[in-house]
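Peer 1: Below are the structure tokens for one structure; questions will follow.
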Amino acid sequence: MNYRKVKSKIRSNFGRGVNYKPPGSSFHIIAVDFDGVLAGKSRRGKLGKPIEGMLTAIPKLAKRFELVVFSSRAIHPNGHQDIIAWLEKHNLKEYFSRITSTKINALAYLDDRAVRFSDWPATLEYFNA
């Protein structure tokens with residue numbers, strides 16, 4: 001399938017404005033936050049349970065995109081190891097190419113705490129500023 005057909009198919013499946021590029025480019029990557037997107041709230045040092053629907057969604061996304069865990073938890077060696085152990089426990093490690101705490105160039109970020117930027121007036125309104 002050529003690039004134009006792939007781009008057209010992605011746009012029809014994901015909506016307008018998705019600037020898909022073929023595998024090997026940074027725009028084939030989806031960065032996925034750990035806490036609140038993959039795992040629920042941590043309690044007493046134990047990582048949370050899988051978020052509902054995630055166990056079926058991740059394999060589907062991984063068929064079309066490179067998935068990267070993006071988490072501030074990964075800054076610390078123990079946090080990085082905890083994420084690896086959690087992914088292994090839930091049979092998800094194979095779907096992620098890496099774990100990072102550094103912002104990477106990606107097609108999209110899946111994050112429960114993100115605010116999508118459109119313009120500054122809308123941002124000020126969102127934060128009641």
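Residues in the structure tokens are named by chain (A, B, ... in the order shown) and by number from 1 within that chain; ligands are numbered from 1 in the order shown.
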Determine, counting only C-alpha atoms, which protein, DNA and RNA residues have an atom within 10 Å of an atom of region 77-83 of chain A; residues of the same chain fewer than 5 positions away are not included. Present the result as a ChimeraX atom specification.
Peer 2: /A:34-35,39,46-47,69,71-72,88-89,93,99-101
Peer 1: As an exercise, work out the distance from CA of Asp111 (chain A) to CA of Gly36 (chain A) in Å and give it to one decimal place.
Peer 2: 7.5 Å
Peer 1: Name the residues of region 71-115 of chain A that fall into helix (DSSP H, G or I) according to DSSP on the backbone, using the chain letters and numbers of this document, as a ChimeraX atom specification.
Peer 2: /A:72-75,77-89,93-95
Peer 1: Would you export the selected residues with N, CA, C and O atoms as a CSV table (one decimal), in the first residue's frame, please?
Peer 2:
```
chain,number,residue,atom,x,y,z
A,72,SER,N,6.5,9.8,34.0
A,72,SER,CA,7.5,10.4,34.9
A,72,SER,C,8.0,9.3,35.9
A,72,SER,O,9.1,9.4,36.5
A,73,ARG,N,7.2,8.3,36.1
A,73,ARG,CA,7.6,7.2,37.0
A,73,ARG,C,8.9,6.5,36.6
A,73,ARG,O,9.7,6.0,37.4
A,74,ALA,N,9.2,6.6,35.3
A,74,ALA,CA,10.3,5.9,34.7
A,74,ALA,C,11.6,6.7,35.0
A,74,ALA,O,12.7,6.2,34.6
A,75,ILE,N,11.5,7.9,35.6
A,75,ILE,CA,12.7,8.6,35.9
A,75,ILE,C,13.6,7.8,36.9
A,75,ILE,O,14.8,7.8,36.8
A,77,PRO,N,15.0,4.4,38.6
A,77,PRO,CA,15.3,3.0,38.2
A,77,PRO,C,14.2,2.0,38.8
A,77,PRO,O,13.8,1.1,38.1
A,78,ASN,N,13.8,2.2,40.0
A,78,ASN,CA,12.8,1.3,40.6
A,78,ASN,C,11.5,1.5,39.9
A,78,ASN,O,10.8,0.5,39.6
A,79,GLY,N,11.1,2.7,39.5
A,79,GLY,CA,9.9,3.0,38.8
A,79,GLY,C,9.9,2.3,37.4
A,79,GLY,O,8.9,1.8,37.0
A,80,HIS,N,11.0,2.4,36.7
A,80,HIS,CA,11.2,1.8,35.4
A,80,HIS,C,11.0,0.3,35.5
A,80,HIS,O,10.3,-0.3,34.7
A,81,GLN,N,11.7,-0.3,36.5
A,81,GLN,CA,11.5,-1.7,36.7
A,81,GLN,C,10.1,-2.1,37.1
A,81,GLN,O,9.6,-3.2,36.7
A,82,ASP,N,9.5,-1.3,37.9
A,82,ASP,CA,8.1,-1.6,38.3
A,82,ASP,C,7.2,-1.6,37.1
A,82,ASP,O,6.3,-2.5,36.9
A,83,ILE,N,7.4,-0.7,36.1
A,83,ILE,CA,6.6,-0.6,34.9
A,83,ILE,C,6.8,-1.9,34.1
A,83,ILE,O,5.9,-2.5,33.6
A,84,ILE,N,8.1,-2.3,33.9
A,84,ILE,CA,8.4,-3.5,33.2
A,84,ILE,C,7.7,-4.7,33.8
A,84,ILE,O,7.0,-5.5,33.1
A,85,ALA,N,7.8,-4.8,35.2
A,85,ALA,CA,7.2,-6.0,35.9
A,85,ALA,C,5.6,-6.0,35.7
A,85,ALA,O,5.0,-7.0,35.5
A,86,TRP,N,5.0,-4.8,35.7
A,86,TRP,CA,3.6,-4.7,35.5
A,86,TRP,C,3.2,-5.1,34.1
A,86,TRP,O,2.2,-5.8,33.9
A,87,LEU,N,3.9,-4.6,33.1
A,87,LEU,CA,3.6,-5.0,31.7
A,87,LEU,C,3.8,-6.5,31.5
A,87,LEU,O,2.9,-7.1,30.9
A,88,GLU,N,4.8,-7.1,32.1
A,88,GLU,CA,5.0,-8.5,32.0
A,88,GLU,C,3.8,-9.2,32.7
A,88,GLU,O,3.3,-10.2,32.1
A,89,LYS,N,3.4,-8.8,33.9
A,89,LYS,CA,2.3,-9.4,34.6
A,89,LYS,C,1.1,-9.5,33.8
A,89,LYS,O,0.3,-10.4,33.9
A,93,LYS,N,4.1,-6.4,27.7
A,93,LYS,CA,5.5,-5.9,27.4
A,93,LYS,C,5.8,-6.0,25.9
A,93,LYS,O,6.4,-5.1,25.3
A,94,GLU,N,5.4,-7.0,25.2
A,94,GLU,CA,5.7,-7.2,23.8
A,94,GLU,C,5.1,-6.1,22.9
A,94,GLU,O,5.5,-5.9,21.8
A,95,TYR,N,4.1,-5.3,23.4
A,95,TYR,CA,3.4,-4.3,22.6
A,95,TYR,C,4.1,-2.9,22.7
A,95,TYR,O,3.8,-2.0,21.9
```
Peer 1: Within region 79-113 of chain A, find each residue whose DSSP state, derived from the backbone, is strand (DSSP E), and express the selection as a ChimeraX atom specification.
Peer 2: /A:96-100,108-110
Peer 1: Under the rule that only C-alpha atoms are counted, which of A:Ile104, A:Val68, A:Ile29, A:Leu92 is the nearest residue to Thr56 (chain A)?
Peer 2: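 That would be A:Leu92, the residue with the smallest distance to Thr56 (chain A).
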Peer 1: Compile the contact shell of Tyr109 (chain A) as a PyMOL selection string: residues with an atom at most 9 Å away, counting only C-alpha atoms, same-chain residues fewer than 5 positions apart removed.
Peer 2: chain A and resi 29-33+70+114
Peer 1: Using only C-alpha atoms, which of A:Pro50, A:His28, A:Glu66, A:Ile58 sits nearest Ser97 (chain A)?
Peer 2: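 Answer, going by the shortest atom-to-atom distance: A:Glu66.
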Peer 1: So which residues touch Lys49 (chain A) within 9 Å, counting only C-alpha atoms, skipping near sequence neighbours fewer than 4 positions away, as a list of chain:residue names?
Peer 2: A:Leu38, A:Ala39, A:Gly40, A:Lys41, A:Ser42
Peer 1: Work out how far CA of Thr123 (chain A) is from CA of Met54 (chain A), in Å to one decimal.
Peer 2: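 According to the coordinates, CA of Met54 (chain A) and CA of Thr123 (chain A) are separated by 29.1 Å.
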Peer 1: Rounded to one decimal in Å, what is the spacing between CA of Ala129 (chain A) and CA of Asn105 (chain A)?
Peer 2: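 So the two atoms, CA of Ala129 (chain A) and CA of Asn105 (chain A), lie 29.5 Å apart.
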